[in-house]
Amino acid sequence: VIFQFTPSIILIIGTLVIYNQTQFLLNRKVGFNKDQVMLVQGTNTLGEKTQAFKTELLKSSGIKSVTVGDYLPISATKRDGNTFWKEGKVNEDLGVFGQKWQVDYDYLETMGMRINQGRYFSKEMASDSAAVVINKAMAEKLGLKNPLGERIENGWQKFTVIGVVEDFNFETMKQKVNPLCMVLGLYNSTIVSVKLSGKDTKKVVSDVASAWKSFSPDQPFRYTFLDE
């Protein structure tokens, strides 16, 4: 009887733990919208045609927005660790270690993140090439009580803070959200993220596949979804 009940109790406890962990992962607010975001892989093969590919995708009524970039809020994507200071404090303060991500104008909309203060990058503002959008964790670590308009640097570049985004998880949930800043940067990305409207997903995937075939007929069409 002891032999039968002991494994049973262990299995029941294990099942409850796994269930609770699964519910935690599915329902926890991570600070971005992971649903209906399609990740098209291998887009570095498009080269200079990447932006044209993005424009073509936006013609589909089932696509809300598209962003080009490898810096995504999920593990195993690109990272760029830097140390940041308030402007002029490099030789005085220890600095704050955080991430510097290169993004485009449609990153926040595609990923479903929210601006807490200020604004996001605008194509109408030429000065945004030297601007930065930081998360709340970065503002707190640098001691920026009124971050908008503040100047920060990473030792060789200086930026003006134009916005503060709500903190979002971009690594394991066992860790606190680390400081992060976003800068405008267009480069040969391996991933294009596509935000779907949620209507007729199969047709939208087919549209994206057709667009891919027209731009890169010799390369296989590979994709996954962010929530996976």
# chains A, B, ... in the order shown; residues from 1 in each chain; ligands from 1
$ select_by_dssp --residues "region 128-189 of chain A" --states "helix (DSSP H, G or I)" --output "list of chain:residue names"
A:Asp128, A:Ser129, A:Ala130, A:Lys136, A:Ala137, A:Met138, A:Ala139, A:Glu140, A:Lys141
$ residues_around --residues "Val37 (chain A)" --least-positions-apart "2" --cutoff "12 Å" --atoms "only C-alpha atoms" --output "VMD selection string"
chain A and resid 32 to 35 39 to 40 62 to 67 72 to 73 107 109 to 112 191 to 198 201 204 to 205 223 to 228
$ closest_residue --among "A:Leu94, A:Leu25, A:Leu186, A:Leu142" --to "Met173 (chain A)" --atoms "only C-alpha atoms"
A:Leu25
$ closest_residue --among "A:Ala126, A:Val183, A:Ile9, A:Val96" --to "Gly143 (chain A)" --atoms "only C-alpha atoms"
A:Val96
$ closest_residue --among "A:Ser122, A:Gln99, A:Gln36, A:Gln51" --to "Lys199 (chain A)" --atoms "only C-alpha atoms"
A:Gln36
$ atom_distance --atom1 "CA of Cys181 (chain A)" --atom2 "CA of Asp106 (chain A)"
15.6 Å
$ select_by_dssp --residues "region 66-153 of chain A" --states "strand (DSSP E or B)" --output "list in words"
Val66, Thr67, Val68, Gly81, Asn82, Thr83, Phe84, Trp85, Lys86, Val96, Phe97, Gly98, Gln99, Lys100, Trp101, Gln102, Val103, Ile115, Asn116, Gln117, Gly118, Ala131, Val132, Val133, Ile134, Asn135, Arg151, Ile152 and Glu153 of chain A
$ write_last_selection --atoms "C-alpha atoms" --output "PDB file, in the first residue's frame"
ATOM      1  CA  VAL A  66       5.783  45.021 -39.611  1.00  0.00           C
ATOM      2  CA  THR A  67       9.118  45.575 -37.911  1.00  0.00           C
ATOM      3  CA  VAL A  68      12.619  44.627 -39.053  1.00  0.00           C
ATOM      4  CA  GLY A  81      25.250  44.708 -23.517  1.00  0.00           C
ATOM      5  CA  ASN A  82      26.525  48.214 -22.738  1.00  0.00           C
ATOM      6  CA  THR A  83      27.356  50.309 -19.702  1.00  0.00           C
ATOM      7  CA  PHE A  84      25.494  53.611 -19.449  1.00  0.00           C
ATOM      8  CA  TRP A  85      26.037  56.814 -17.529  1.00  0.00           C
ATOM      9  CA  LYS A  86      24.432  60.197 -17.241  1.00  0.00           C
ATOM     10  CA  VAL A  96      24.618  50.987 -15.222  1.00  0.00           C
ATOM     11  CA  PHE A  97      24.865  47.810 -17.285  1.00  0.00           C
ATOM     12  CA  GLY A  98      22.004  47.325 -19.706  1.00  0.00           C
ATOM     13  CA  GLN A  99      20.963  46.469 -23.234  1.00  0.00           C
ATOM     14  CA  LYS A 100      21.125  48.679 -26.360  1.00  0.00           C
ATOM     15  CA  TRP A 101      18.738  47.440 -29.023  1.00  0.00           C
ATOM     16  CA  GLN A 102      18.544  48.654 -32.604  1.00  0.00           C
ATOM     17  CA  VAL A 103      14.919  48.957 -33.679  1.00  0.00           C
ATOM     18  CA  ILE A 115       4.972  54.246 -23.741  1.00  0.00           C
ATOM     19  CA  ASN A 116       4.915  55.407 -20.131  1.00  0.00           C
ATOM     20  CA  GLN A 117       6.322  58.900 -20.706  1.00  0.00           C
ATOM     21  CA  GLY A 118       7.202  60.986 -23.742  1.00  0.00           C
ATOM     22  CA  ALA A 131      17.606  59.875 -29.498  1.00  0.00           C
ATOM     23  CA  VAL A 132      16.854  56.927 -27.251  1.00  0.00           C
ATOM     24  CA  VAL A 133      13.784  55.328 -25.714  1.00  0.00           C
ATOM     25  CA  ILE A 134      14.549  53.658 -22.381  1.00  0.00           C
ATOM     26  CA  ASN A 135      12.588  51.354 -20.104  1.00  0.00           C
ATOM     27  CA  ARG A 151      21.302  63.037 -21.849  1.00  0.00           C
ATOM     28  CA  ILE A 152      22.908  59.618 -21.367  1.00  0.00           C
ATOM     29  CA  GLU A 153      25.978  57.991 -22.874  1.00  0.00           C
TER      30      GLU A 153
END
$ closest_residue --among "A:Met38, A:Leu144, A:Met138, A:Val208" --to "Leu180 (chain A)" --atoms "only C-alpha atoms"
A:Met138
$ closest_residue --among "A:Ile18, A:Leu11, A:Ala211, A:Val90" --to "Gly155 (chain A)" --atoms "only C-alpha atoms"
A:Val90
$ closest_residue --among "A:Phe221, A:Ser60, A:Ile10, A:Phe53" --to "Lys203 (chain A)" --atoms "only C-alpha atoms"
A:Ser60
$ atom_distance --atom1 "CA of Arg119 (chain A)" --atom2 "CA of Val164 (chain A)"
7.6 Å
$ residues_around --residues "Lys176 (chain A)" --least-positions-apart "6" --cutoff "12 Å" --atoms "only C-alpha atoms" --output "ChimeraX atom specification"
/A:30,137,167-170
$ write_last_selection --atoms "C-alpha atoms" --output "PDB file, in the first residue's frame"
ATOM      1  CA  VAL A  30       5.019  40.252 -19.715  1.00  0.00           C
ATOM      2  CA  ALA A 137      14.302  50.040 -15.128  1.00  0.00           C
ATOM      3  CA  ASP A 167       9.125  47.422 -18.426  1.00  0.00           C
ATOM      4  CA  PHE A 168       8.746  44.140 -20.317  1.00  0.00           C
ATOM      5  CA  ASN A 169      10.291  40.713 -19.814  1.00  0.00           C
ATOM      6  CA  PHE A 170      12.906  39.884 -22.436  1.00  0.00           C
TER       7      PHE A 170
END
$ atom_distance --atom1 "CA of Lys213 (chain A)" --atom2 "CA of Leu57 (chain A)"
12.2 Å
